[in-house]
2 protein chains.
Amino acid sequence: MAEEKLPTRAQDFSEWYNQLVLKAQLADYAPVRGCMIVRPYGWALWENMQQALDRRFKATGHQNVAFPLLIPRSFIDKEKHHVEGFSPELAVVTIGGGEKLAEPLVIRPTSETIIGHMWSKWIQSYRDLPVLMNQWNSVVRWELRTKLFLRTLEFYWQEGHTAHATRGEAEIETRQMLDIYADFAVNDAAIPVIPGKKSDAEKFAGADVTYSIEGMMGDGKALQSGTSHFLGQNFAQAFEVKYLDQGGQLQHCWTTSWGLSTRVIGAIIMVHGDDQGLVLPPKLAPYQVVIVPIYKTDEEKSSVIEAARKLKSELVATNVRVTLDGREGPSPGWKFNDWEMRGVPVRVELGPKDVAKSAAVLARRDRPGREGKISSPLRGMPEAIAQLLVEIQQAMHDKALAFRKANTHHAKSYDELKMAVENGFAYSYWCGSADCEAKIKEETRATMRCIPIDQSLGEENAKVDGDGTCVYCGQPAPERAIFARAY
Amino acid sequence: MAEEKLPTRAQDFSEWYNQLVLKAQLADYAPVRGCMIVRPYGWALWENMQQALDRRFKATGHQNVAFPLLIPRSFIDKEKHHVEGFSPELAVVTIGGGEKLAEPLVIRPTSETIIGHMWSKWIQSYRDLPVLMNQWNSVVRWELRTKLFLRTLEFYWQEGHTAHATRGEAEIETRQMLDIYADFAVNDAAIPVIPGKKSDAEKFAGADVTYSIEGMMGDGKALQSGTSHFLGQNFAQAFEVKYLDQGGQLQHCWTTSWGLSTRVIGAIIMVHGDDQGLVLPPKLAPYQVVIVPIYKTDEEKSSVIEAARKLKSELVATNVRVTLDGREGPSPGWKFNDWEMRGVPVRVELGPKDVAKSAAVLARRDRPGREGKISSPLRGMPEAIAQLLVEIQQAMHDKALAFRKANTHHAKSYDELKMAVENGFAYSYWCGSADCEAKIKEETRATMRCIPIDQSLGEENAKVDGDGTCVYCGQPAPERAIFARAY
């Protein structure tokens, strides 16, 4: 696979991405239009992401459940915005067991409706609240233009659903989950995301408020990488989810939902990848270390392989995820390229000269070439590698953050905004009107990504200007928003 | 929930089961006929089962993947036995994105076909083999008579799929996975299963040979609890899965598939449950221990809760899964019943008198009443509980094995077989003919469950008789088979 080079990112970012996904064996195209197969390497990455998130969900009291993938068509119609948003995207089952169904069933595009239906049975009293649920599954939305991981008919995600007694509790939950997504993105995926609020035009069909985390990809475009919705009482009213409060009065619940999907694999590729292929953050990499043995003679082979096996078992004992590439046939150079394509954070090059001096060469994936190589003694190497993985994780985040800063322009005029969105984010005052938002989109292809919660964008010394004037209409504007072209 | 008693197993085993599933909050009926919702407690049990199996799969070199849930209808038709077996059970998507599809898609009933299709692209050479894959997902089969966990339209499972260069390797894989299922059933689920070979009438649609593990439920009926299929070259031929061998010749691969589903939750309920509810094996129980504090006055409450919290954190530190039932309102007695319904292996009863003497009462779920209660010092309690959990795990297995032995009859005549299958297994010589099998089924409602691989049924001193005569037709019969009514 790795013999053929990728196009460079500068040549063709989109084609670079498509080929990388295939060559790194993350995923492949399925025989059904717009669907994907997540291959073992891609799924191992997703499993690590799942664990990192699931740990956070459980630590905050959420429990996993499984609701069915088939939903009566009529459920979708019960919430008016929901039906508008999702009707055009449904996959509909009309035949079951050889017979036409009396009522068509849809494959879930998301599960608010069926969960609302069940909550109306399970929730009786304030004592039953809050209900904090999550499920890991796949959903189907009939997308027309698809791209592996970024937009497919079926995709893998988690969907969290919670019900609360009060508006305030539901709002706190919505923001808590947004914070968890941001924490995961920054600390595990090494992606410096911007958490913020979506416009009404971009919010979830059925939500009162949608928050998202937005990342900047390697081409300056934005990718929404997780969303958290405050659903108000919309679904609770549509499905009669009510509870008896402490005063004996029936009240509607306040609900939330939140999701993060395999799109984030696309974000990891596009934020960290380089012209040689994937670059994986150590915390999520299926293999954090690959050991490549180098030898010519049988005698060299036996001493090199012995040292490599010893190192491997020491690394395993240090809880480092490691593989030893013992393939016969491919040359060491071919293997280097192959593992670079797959983005393994640290490569250990181990040849007879290294063994003779009880050392090995460590090569950092995030710093290709000589600069990222050091010779290191075999003794104490597991600890040195563990430390190196921490450094790489941090360096990848810092590099991505520096890139985002360099390509985020505090555009004060519309002309500046137009220039900014050519290769990055425009950060501009916006009056909040849907008209200005629509015009900007029409004229620049940039959408309002979010109104950052932290208007300083995390720059500790940044002056938060207070009110300004809308970059489009010039009217007073209370807040600044990120505008960008987006995936 | 727990106030209303279950019917006893003797009164109505089927209704006891249905009510237990609901009252223990393992699952609920979905608004779509025949589908289920797995509730948090049921899903936590399944997650523990997944981990126990996934660890074994990975240790034997299998990698997880994700193939799409939608399969072109035409794929199902490519393997002649497969299409016969699955066509009547398909859920068919005919509309996507508001338009009628040119080719209908089916929701996967299992994934041999789409995996075969992809393997034909991925597998080129003997160097690519073996391919060892697994996926955790749900599948849909349009069943008419459904029962929670045992038979639902959608169910959760894992499906393993492997491709090999030789028949021998594929046969070894098939048996290895059967052994893994048996090991899991015996050592984690505490269910003494019988591994064996299915008849042609009962094998998987498209397999050359199907193996299964069969367990005896509390009513003497059998439940198939996992299957492993040797698929020969059937799917490799249908989907042209070929490789270049070391001599440069194109050869068809030999493939296997194997699956274990949420049915096994049904087995755990029916093997171990009693008239008070669920009894969970410690290795899989979401909570291994529940601490129930007992107090009347505020003063008692403060000392009891403090001791309970301390014990809880000590148990957590010992890697025991523990919950502290601090609910206000319900009485201790109500809580005892509630946790008995949910099958928690050990209950710690902690009242002011216990605290005064630095002790607590441990109650074993598998031995209800006084017999299963002992007072134990708080000091050293985590170690004592860890030991107790090991004992309970073993005792549950031994009890289930004794029950199976007591209800397995070595039926030498057809009359004996008819009696035996009224309340257990008949173990009888069978000539191997489909006619005898069909007649026995028609006349007794008992099916040929499997030909046990170990014809001594694990009894070390059992004489393996060698040839005998068929219990139905009297012709020579080389092996004995288990006949039973089954779920």
# chains A, B, ... in the order shown; residues from 1 in each chain; ligands from 1

$ select_by_dssp --residues "range 284-408 of chain B" --states "strand (DSSP E or B)" --output "ChimeraX atom specification"
/B:289-293,322-324,346-350,359-364,373-377,408

$ interface_residues --of "chain B" --to "chain A" --cutoff "7 Å" --atoms "only C-alpha atoms" --output "PDB file with N, CA and C atoms, in the first residue's frame"
ATOM      1  N   VAL B  32     -41.898  -0.879  18.552  1.00  0.00           N
ATOM      2  CA  VAL B  32     -41.960  -1.656  17.307  1.00  0.00           C
ATOM      3  C   VAL B  32     -42.083  -3.133  17.689  1.00  0.00           C
ATOM      4  N   CYS B  35     -39.288  -5.845  19.014  1.00  0.00           N
ATOM      5  CA  CYS B  35     -37.996  -5.231  19.336  1.00  0.00           C
ATOM      6  C   CYS B  35     -37.917  -4.957  20.827  1.00  0.00           C
ATOM      7  N   MET B  36     -36.697  -4.834  21.315  1.00  0.00           N
ATOM      8  CA  MET B  36     -36.530  -4.590  22.751  1.00  0.00           C
ATOM      9  C   MET B  36     -35.642  -3.377  22.995  1.00  0.00           C
ATOM     10  N   ILE B  37     -35.806  -2.822  24.173  1.00  0.00           N
ATOM     11  CA  ILE B  37     -34.876  -1.809  24.659  1.00  0.00           C
ATOM     12  C   ILE B  37     -34.074  -2.451  25.778  1.00  0.00           C
ATOM     13  N   VAL B  38     -32.768  -2.430  25.657  1.00  0.00           N
ATOM     14  CA  VAL B  38     -31.943  -2.942  26.738  1.00  0.00           C
ATOM     15  C   VAL B  38     -31.668  -1.775  27.672  1.00  0.00           C
ATOM     16  N   ARG B  39     -32.153  -1.892  28.904  1.00  0.00           N
ATOM     17  CA  ARG B  39     -32.063  -0.790  29.871  1.00  0.00           C
ATOM     18  C   ARG B  39     -30.666  -0.774  30.507  1.00  0.00           C
ATOM     19  N   PRO B  40     -30.345   0.281  31.260  1.00  0.00           N
ATOM     20  CA  PRO B  40     -28.966   0.420  31.760  1.00  0.00           C
ATOM     21  C   PRO B  40     -28.440  -0.811  32.500  1.00  0.00           C
ATOM     22  N   TRP B  43     -27.752  -3.487  29.961  1.00  0.00           N
ATOM     23  CA  TRP B  43     -26.630  -3.160  29.083  1.00  0.00           C
ATOM     24  C   TRP B  43     -25.298  -3.243  29.834  1.00  0.00           C
ATOM     25  N   GLN B  63      -9.263  -8.963  15.164  1.00  0.00           N
ATOM     26  CA  GLN B  63      -9.375  -7.505  15.198  1.00  0.00           C
ATOM     27  C   GLN B  63     -10.814  -7.096  14.940  1.00  0.00           C
ATOM     28  N   ASN B  64     -11.250  -6.062  15.648  1.00  0.00           N
ATOM     29  CA  ASN B  64     -12.617  -5.587  15.447  1.00  0.00           C
ATOM     30  C   ASN B  64     -12.718  -4.651  14.248  1.00  0.00           C
ATOM     31  N   VAL B  65     -13.858  -4.720  13.592  1.00  0.00           N
ATOM     32  CA  VAL B  65     -14.128  -3.911  12.396  1.00  0.00           C
ATOM     33  C   VAL B  65     -15.594  -3.499  12.419  1.00  0.00           C
ATOM     34  N   ALA B  66     -15.992  -2.703  11.443  1.00  0.00           N
ATOM     35  CA  ALA B  66     -17.408  -2.340  11.322  1.00  0.00           C
ATOM     36  C   ALA B  66     -17.812  -2.345   9.851  1.00  0.00           C
ATOM     37  N   PHE B  67     -18.665  -3.291   9.512  1.00  0.00           N
ATOM     38  CA  PHE B  67     -19.252  -3.343   8.180  1.00  0.00           C
ATOM     39  C   PHE B  67     -20.649  -2.721   8.256  1.00  0.00           C
ATOM     40  N   PRO B  68     -21.124  -2.183   7.127  1.00  0.00           N
ATOM     41  CA  PRO B  68     -22.398  -1.452   7.143  1.00  0.00           C
ATOM     42  C   PRO B  68     -23.588  -2.336   7.501  1.00  0.00           C
ATOM     43  N   ILE B  71     -27.175  -3.903   3.246  1.00  0.00           N
ATOM     44  CA  ILE B  71     -26.576  -4.841   2.292  1.00  0.00           C
ATOM     45  C   ILE B  71     -27.462  -4.872   1.044  1.00  0.00           C
ATOM     46  N   PRO B  72     -26.861  -4.822  -0.153  1.00  0.00           N
ATOM     47  CA  PRO B  72     -27.690  -4.940  -1.357  1.00  0.00           C
ATOM     48  C   PRO B  72     -28.450  -6.266  -1.336  1.00  0.00           C
ATOM     49  N   PRO B  88     -36.827 -15.288   4.091  1.00  0.00           N
ATOM     50  CA  PRO B  88     -38.114 -15.030   4.751  1.00  0.00           C
ATOM     51  C   PRO B  88     -37.997 -14.077   5.943  1.00  0.00           C
ATOM     52  N   GLU B  89     -36.791 -13.780   6.378  1.00  0.00           N
ATOM     53  CA  GLU B  89     -36.617 -13.026   7.627  1.00  0.00           C
ATOM     54  C   GLU B  89     -36.118 -11.604   7.418  1.00  0.00           C
ATOM     55  N   LEU B  90     -36.100 -11.144   6.158  1.00  0.00           N
ATOM     56  CA  LEU B  90     -35.424  -9.874   5.896  1.00  0.00           C
ATOM     57  C   LEU B  90     -36.297  -8.648   6.144  1.00  0.00           C
ATOM     58  N   ALA B  91     -35.639  -7.587   6.648  1.00  0.00           N
ATOM     59  CA  ALA B  91     -36.241  -6.256   6.688  1.00  0.00           C
ATOM     60  C   ALA B  91     -35.660  -5.499   5.500  1.00  0.00           C
ATOM     61  N   VAL B  92     -36.540  -4.950   4.667  1.00  0.00           N
ATOM     62  CA  VAL B  92     -36.097  -4.377   3.392  1.00  0.00           C
ATOM     63  C   VAL B  92     -36.334  -2.865   3.348  1.00  0.00           C
ATOM     64  N   VAL B  93     -35.267  -2.136   3.047  1.00  0.00           N
ATOM     65  CA  VAL B  93     -35.356  -0.690   2.857  1.00  0.00           C
ATOM     66  C   VAL B  93     -35.612  -0.443   1.381  1.00  0.00           C
ATOM     67  N   THR B  94     -36.731   0.205   1.082  1.00  0.00           N
ATOM     68  CA  THR B  94     -37.068   0.467  -0.321  1.00  0.00           C
ATOM     69  C   THR B  94     -37.035   1.952  -0.653  1.00  0.00           C
ATOM     70  N   ILE B  95     -37.003   2.788   0.380  1.00  0.00           N
ATOM     71  CA  ILE B  95     -37.019   4.238   0.161  1.00  0.00           C
ATOM     72  C   ILE B  95     -35.847   4.868   0.910  1.00  0.00           C
ATOM     73  N   GLY B  96     -35.101   5.711   0.223  1.00  0.00           N
ATOM     74  CA  GLY B  96     -34.005   6.434   0.873  1.00  0.00           C
ATOM     75  C   GLY B  96     -34.013   7.875   0.416  1.00  0.00           C
ATOM     76  N   GLY B  97     -33.941   8.815   1.362  1.00  0.00           N
ATOM     77  CA  GLY B  97     -33.931  10.228   1.000  1.00  0.00           C
ATOM     78  C   GLY B  97     -35.149  10.619   0.181  1.00  0.00           C
ATOM     79  N   GLY B  98     -36.282  10.002   0.487  1.00  0.00           N
ATOM     80  CA  GLY B  98     -37.529  10.374  -0.172  1.00  0.00           C
ATOM     81  C   GLY B  98     -37.740   9.725  -1.534  1.00  0.00           C
ATOM     82  N   TRP B 142     -36.640 -11.017  10.887  1.00  0.00           N
ATOM     83  CA  TRP B 142     -38.064 -10.771  11.102  1.00  0.00           C
ATOM     84  C   TRP B 142     -38.750 -11.981  11.730  1.00  0.00           C
TER      85      TRP B 142
END

$ atom_distance --atom1 "CA of Gly248 in chain A" --atom2 "CA of Gly116 in chain A"
21.9 Å

$ residues_around --residues "Thr408 in chain B" --least-positions-apart "5" --cutoff "10 Å" --atoms "only C-alpha atoms" --output "list in words"
Met216, Gly220, Ala402, Phe403, Ala420, Val421, Asn423, Gly424, Phe425, Ala426, Tyr427, Ile482, Phe483 and Ala484 of chain B

$ residues_around --residues "Ala190 in chain B" --least-positions-apart "3" --cutoff "8 Å" --atoms "only C-alpha atoms" --output "PyMOL selection string"
chain B and resi 185-187+281+393-394+396-397+400

$ write_last_selection --atoms "N, CA and C atoms" --output "PDB file, in the first residue's frame"
ATOM      1  N   ALA B 185     -18.706 -19.356  28.769  1.00  0.00           N
ATOM      2  CA  ALA B 185     -19.962 -19.777  29.394  1.00  0.00           C
ATOM      3  C   ALA B 185     -19.697 -20.408  30.760  1.00  0.00           C
ATOM      4  N   VAL B 186     -18.715 -21.308  30.804  1.00  0.00           N
ATOM      5  CA  VAL B 186     -18.438 -22.036  32.044  1.00  0.00           C
ATOM      6  C   VAL B 186     -17.813 -21.108  33.084  1.00  0.00           C
ATOM      7  N   ASN B 187     -16.791 -20.379  32.682  1.00  0.00           N
ATOM      8  CA  ASN B 187     -15.996 -19.643  33.674  1.00  0.00           C
ATOM      9  C   ASN B 187     -16.504 -18.242  33.987  1.00  0.00           C
ATOM     10  N   PRO B 281     -23.908 -14.190  38.094  1.00  0.00           N
ATOM     11  CA  PRO B 281     -22.560 -14.665  38.410  1.00  0.00           C
ATOM     12  C   PRO B 281     -21.657 -13.455  38.681  1.00  0.00           C
ATOM     13  N   GLN B 393     -19.153 -17.709  42.563  1.00  0.00           N
ATOM     14  CA  GLN B 393     -19.017 -18.027  41.135  1.00  0.00           C
ATOM     15  C   GLN B 393     -18.958 -19.548  40.934  1.00  0.00           C
ATOM     16  N   GLN B 394     -18.112 -20.196  41.731  1.00  0.00           N
ATOM     17  CA  GLN B 394     -17.942 -21.643  41.609  1.00  0.00           C
ATOM     18  C   GLN B 394     -19.208 -22.387  42.023  1.00  0.00           C
ATOM     19  N   MET B 396     -22.262 -21.392  41.944  1.00  0.00           N
ATOM     20  CA  MET B 396     -23.329 -21.253  40.948  1.00  0.00           C
ATOM     21  C   MET B 396     -23.124 -22.227  39.786  1.00  0.00           C
ATOM     22  N   HIS B 397     -21.878 -22.322  39.358  1.00  0.00           N
ATOM     23  CA  HIS B 397     -21.589 -23.277  38.284  1.00  0.00           C
ATOM     24  C   HIS B 397     -21.893 -24.698  38.720  1.00  0.00           C
ATOM     25  N   ALA B 400     -25.564 -25.458  38.871  1.00  0.00           N
ATOM     26  CA  ALA B 400     -26.151 -25.601  37.528  1.00  0.00           C
ATOM     27  C   ALA B 400     -25.737 -26.919  36.885  1.00  0.00           C
TER      28      ALA B 400
END

$ atom_distance --atom1 "CA of Val279 in chain A" --atom2 "CA of Met49 in chain A"
15.4 Å

$ residues_around --residues "range 335-339 of chain A" --least-positions-apart "6" --cutoff "10 Å" --atoms "only C-alpha atoms" --output "PDB file with N, CA and C atoms, in the first residue's frame"
ATOM      1  N   MET A   1       0.823  -1.202   0.000  1.00  0.00           N
ATOM      2  CA  MET A   1       0.000   0.000   0.000  1.00  0.00           C
ATOM      3  C   MET A   1       0.865   1.263   0.000  1.00  0.00           C
ATOM      4  N   ALA A   2       1.915   1.236   0.799  1.00  0.00           N
ATOM      5  CA  ALA A   2       2.608   2.496   1.074  1.00  0.00           C
ATOM      6  C   ALA A   2       3.595   2.898  -0.011  1.00  0.00           C
ATOM      7  N   GLU A   3       3.768   2.038  -1.041  1.00  0.00           N
ATOM      8  CA  GLU A   3       4.730   2.410  -2.071  1.00  0.00           C
ATOM      9  C   GLU A   3       4.326   3.675  -2.814  1.00  0.00           C
ATOM     10  N   LYS A   5       2.960   7.216  -3.407  1.00  0.00           N
ATOM     11  CA  LYS A   5       2.905   8.410  -2.558  1.00  0.00           C
ATOM     12  C   LYS A   5       1.525   9.060  -2.620  1.00  0.00           C
ATOM     13  N   LYS A  23      -5.112   4.298   2.105  1.00  0.00           N
ATOM     14  CA  LYS A  23      -3.758   3.748   2.229  1.00  0.00           C
ATOM     15  C   LYS A  23      -3.384   3.425   3.669  1.00  0.00           C
ATOM     16  N   ALA A  24      -3.867   4.214   4.604  1.00  0.00           N
ATOM     17  CA  ALA A  24      -3.604   3.913   6.016  1.00  0.00           C
ATOM     18  C   ALA A  24      -4.522   2.788   6.502  1.00  0.00           C
ATOM     19  N   GLN A 276       3.272  12.789   4.329  1.00  0.00           N
ATOM     20  CA  GLN A 276       3.647  11.369   4.407  1.00  0.00           C
ATOM     21  C   GLN A 276       2.486  10.502   4.889  1.00  0.00           C
ATOM     22  N   GLY A 277       1.443  11.117   5.405  1.00  0.00           N
ATOM     23  CA  GLY A 277       0.296  10.329   5.862  1.00  0.00           C
ATOM     24  C   GLY A 277      -0.256  10.801   7.183  1.00  0.00           C
ATOM     25  N   LEU A 278      -0.780   9.831   7.889  1.00  0.00           N
ATOM     26  CA  LEU A 278      -1.456  10.084   9.157  1.00  0.00           C
ATOM     27  C   LEU A 278      -0.435  10.398  10.250  1.00  0.00           C
ATOM     28  N   VAL A 279      -0.814  11.262  11.200  1.00  0.00           N
ATOM     29  CA  VAL A 279      -0.020  11.477  12.417  1.00  0.00           C
ATOM     30  C   VAL A 279      -0.995  11.365  13.578  1.00  0.00           C
ATOM     31  N   TYR A 287      -1.414   1.787  17.904  1.00  0.00           N
ATOM     32  CA  TYR A 287      -0.047   1.475  18.328  1.00  0.00           C
ATOM     33  C   TYR A 287       0.648   2.798  18.612  1.00  0.00           C
ATOM     34  N   VAL A 289       3.852   2.795  19.515  1.00  0.00           N
ATOM     35  CA  VAL A 289       5.239   2.537  19.138  1.00  0.00           C
ATOM     36  C   VAL A 289       5.288   1.367  18.165  1.00  0.00           C
ATOM     37  N   VAL A 290       6.106   1.504  17.121  1.00  0.00           N
ATOM     38  CA  VAL A 290       6.404   0.359  16.266  1.00  0.00           C
ATOM     39  C   VAL A 290       7.913   0.113  16.311  1.00  0.00           C
ATOM     40  N   ILE A 291       8.280  -1.130  16.515  1.00  0.00           N
ATOM     41  CA  ILE A 291       9.698  -1.498  16.502  1.00  0.00           C
ATOM     42  C   ILE A 291      10.011  -2.122  15.143  1.00  0.00           C
ATOM     43  N   VAL A 292      10.958  -1.517  14.419  1.00  0.00           N
ATOM     44  CA  VAL A 292      11.360  -2.068  13.122  1.00  0.00           C
ATOM     45  C   VAL A 292      12.774  -2.637  13.237  1.00  0.00           C
ATOM     46  N   PRO A 293      12.900  -3.953  13.165  1.00  0.00           N
ATOM     47  CA  PRO A 293      14.227  -4.572  13.244  1.00  0.00           C
ATOM     48  C   PRO A 293      14.957  -4.441  11.899  1.00  0.00           C
ATOM     49  N   ASP A 325       7.311  -5.068  14.024  1.00  0.00           N
ATOM     50  CA  ASP A 325       7.078  -5.405  12.613  1.00  0.00           C
ATOM     51  C   ASP A 325       8.080  -6.461  12.156  1.00  0.00           C
ATOM     52  N   GLY A 326       7.703  -7.708  12.334  1.00  0.00           N
ATOM     53  CA  GLY A 326       8.597  -8.806  12.006  1.00  0.00           C
ATOM     54  C   GLY A 326       8.392  -9.344  10.599  1.00  0.00           C
ATOM     55  N   ARG A 327       7.659  -8.613   9.747  1.00  0.00           N
ATOM     56  CA  ARG A 327       7.380  -9.114   8.393  1.00  0.00           C
ATOM     57  C   ARG A 327       8.675  -9.415   7.641  1.00  0.00           C
ATOM     58  N   PRO A 345       3.093   7.143  16.456  1.00  0.00           N
ATOM     59  CA  PRO A 345       3.835   8.284  17.030  1.00  0.00           C
ATOM     60  C   PRO A 345       5.337   8.083  17.151  1.00  0.00           C
ATOM     61  N   VAL A 346       5.775   6.887  17.563  1.00  0.00           N
ATOM     62  CA  VAL A 346       7.215   6.664  17.739  1.00  0.00           C
ATOM     63  C   VAL A 346       7.638   5.388  17.016  1.00  0.00           C
ATOM     64  N   ARG A 347       8.704   5.505  16.214  1.00  0.00           N
ATOM     65  CA  ARG A 347       9.283   4.332  15.564  1.00  0.00           C
ATOM     66  C   ARG A 347      10.613   4.039  16.235  1.00  0.00           C
ATOM     67  N   VAL A 348      10.825   2.791  16.578  1.00  0.00           N
ATOM     68  CA  VAL A 348      12.118   2.378  17.126  1.00  0.00           C
ATOM     69  C   VAL A 348      12.860   1.631  16.023  1.00  0.00           C
ATOM     70  N   GLU A 349      13.998   2.136  15.631  1.00  0.00           N
ATOM     71  CA  GLU A 349      14.828   1.492  14.608  1.00  0.00           C
ATOM     72  C   GLU A 349      15.943   0.746  15.335  1.00  0.00           C
ATOM     73  N   ALA A 363      12.446   7.548  16.438  1.00  0.00           N
ATOM     74  CA  ALA A 363      12.052   8.549  15.437  1.00  0.00           C
ATOM     75  C   ALA A 363      10.638   9.027  15.738  1.00  0.00           C
ATOM     76  N   ARG A 365       7.156  10.636  14.853  1.00  0.00           N
ATOM     77  CA  ARG A 365       6.329  10.806  13.658  1.00  0.00           C
ATOM     78  C   ARG A 365       5.953  12.271  13.439  1.00  0.00           C
TER      79      ARG A 365
END

$ closest_residue --among "B:Ala486, B:Val209, B:Cys436, B:Val83" --to "Ala238 in chain B" --atoms "only C-alpha atoms"
B:Val83

$ atom_distance --atom1 "CA of Ala285 in chain A" --atom2 "CA of Arg263 in chain A"
16.2 Å

$ residues_around --residues "Ile453 in chain B" --least-positions-apart "3" --cutoff "8 Å" --atoms "only C-alpha atoms" --output "ChimeraX atom specification"
/B:195-197

$ residues_around --residues "Pro352 in chain B" --least-positions-apart "5" --cutoff "7 Å" --atoms "only C-alpha atoms" --output "ChimeraX atom specification"
/B:295,300,304

$ write_last_selection --atoms "C-alpha atoms" --output "tab-separated table (two decimals), in the first residue's frame"
chain	number	residue	atom	x	y	z
B	295	TYR	CA	-30.72	3.12	60.72
B	300	GLU	CA	-27.40	6.11	63.82
B	304	VAL	CA	-23.75	3.93	59.61

$ select_by_dssp --residues "range 261-445 of chain B" --states "alpha helix (DSSP H)" --output "number ranges by chain"
B: 263-272, 298-317, 332-341, 352-356, 381-406, 414-423, 434-444

$ closest_residue --among "B:Ile194, B:Leu178, B:Ala163, B:Ile76" --to "Arg56 in chain B" --atoms "only C-alpha atoms"
B:Leu178

$ decode --residues "range 389-431 of chain B" --atoms "C-alpha atoms" --output "mmCIF file, in the first residue's frame"
data_model
loop_
_atom_site.group_PDB
_atom_site.id
_atom_site.type_symbol
_atom_site.label_atom_id
_atom_site.label_comp_id
_atom_site.auth_asym_id
_atom_site.auth_seq_id
_atom_site.Cartn_x
_atom_site.Cartn_y
_atom_site.Cartn_z
ATOM 1 C CA LEU B 389 -17.238 -13.769 45.154
ATOM 2 C CA VAL B 390 -14.908 -16.507 43.905
ATOM 3 C CA GLU B 391 -16.793 -19.063 46.006
ATOM 4 C CA ILE B 392 -20.172 -17.869 44.744
ATOM 5 C CA GLN B 393 -19.017 -18.027 41.135
ATOM 6 C CA GLN B 394 -17.942 -21.643 41.609
ATOM 7 C CA ALA B 395 -20.998 -22.617 43.629
ATOM 8 C CA MET B 396 -23.329 -21.253 40.948
ATOM 9 C CA HIS B 397 -21.589 -23.277 38.284
ATOM 10 C CA ASP B 398 -21.597 -26.425 40.381
ATOM 11 C CA LYS B 399 -25.262 -26.078 41.190
ATOM 12 C CA ALA B 400 -26.151 -25.601 37.528
ATOM 13 C CA LEU B 401 -24.022 -28.596 36.579
ATOM 14 C CA ALA B 402 -25.651 -30.783 39.218
ATOM 15 C CA PHE B 403 -29.065 -29.709 37.920
ATOM 16 C CA ARG B 404 -28.112 -30.552 34.376
ATOM 17 C CA LYS B 405 -26.777 -33.953 35.371
ATOM 18 C CA ALA B 406 -29.872 -34.733 37.407
ATOM 19 C CA ASN B 407 -32.041 -33.874 34.401
ATOM 20 C CA THR B 408 -30.030 -35.545 31.680
ATOM 21 C CA HIS B 409 -31.226 -39.064 31.014
ATOM 22 C CA HIS B 410 -29.247 -41.624 29.086
ATOM 23 C CA ALA B 411 -32.322 -42.747 27.244
ATOM 24 C CA LYS B 412 -31.823 -46.128 25.629
ATOM 25 C CA SER B 413 -35.343 -46.552 24.275
ATOM 26 C CA TYR B 414 -37.677 -44.185 22.485
ATOM 27 C CA ASP B 415 -40.067 -44.340 25.424
ATOM 28 C CA GLU B 416 -37.281 -43.281 27.742
ATOM 29 C CA LEU B 417 -36.447 -40.438 25.383
ATOM 30 C CA LYS B 418 -40.052 -39.256 25.404
ATOM 31 C CA MET B 419 -40.072 -39.232 29.178
ATOM 32 C CA ALA B 420 -36.697 -37.563 29.410
ATOM 33 C CA VAL B 421 -37.567 -34.594 27.203
ATOM 34 C CA GLU B 422 -40.580 -33.792 29.362
ATOM 35 C CA ASN B 423 -38.280 -32.104 31.851
ATOM 36 C CA GLY B 424 -34.703 -32.338 30.620
ATOM 37 C CA PHE B 425 -32.253 -33.710 28.110
ATOM 38 C CA ALA B 426 -32.308 -37.140 26.535
ATOM 39 C CA TYR B 427 -28.839 -38.387 25.678
ATOM 40 C CA SER B 428 -29.274 -41.136 23.160
ATOM 41 C CA TYR B 429 -27.686 -42.962 20.270
ATOM 42 C CA TRP B 430 -28.796 -41.542 16.961
ATOM 43 C CA CYS B 431 -28.086 -43.022 13.553
#
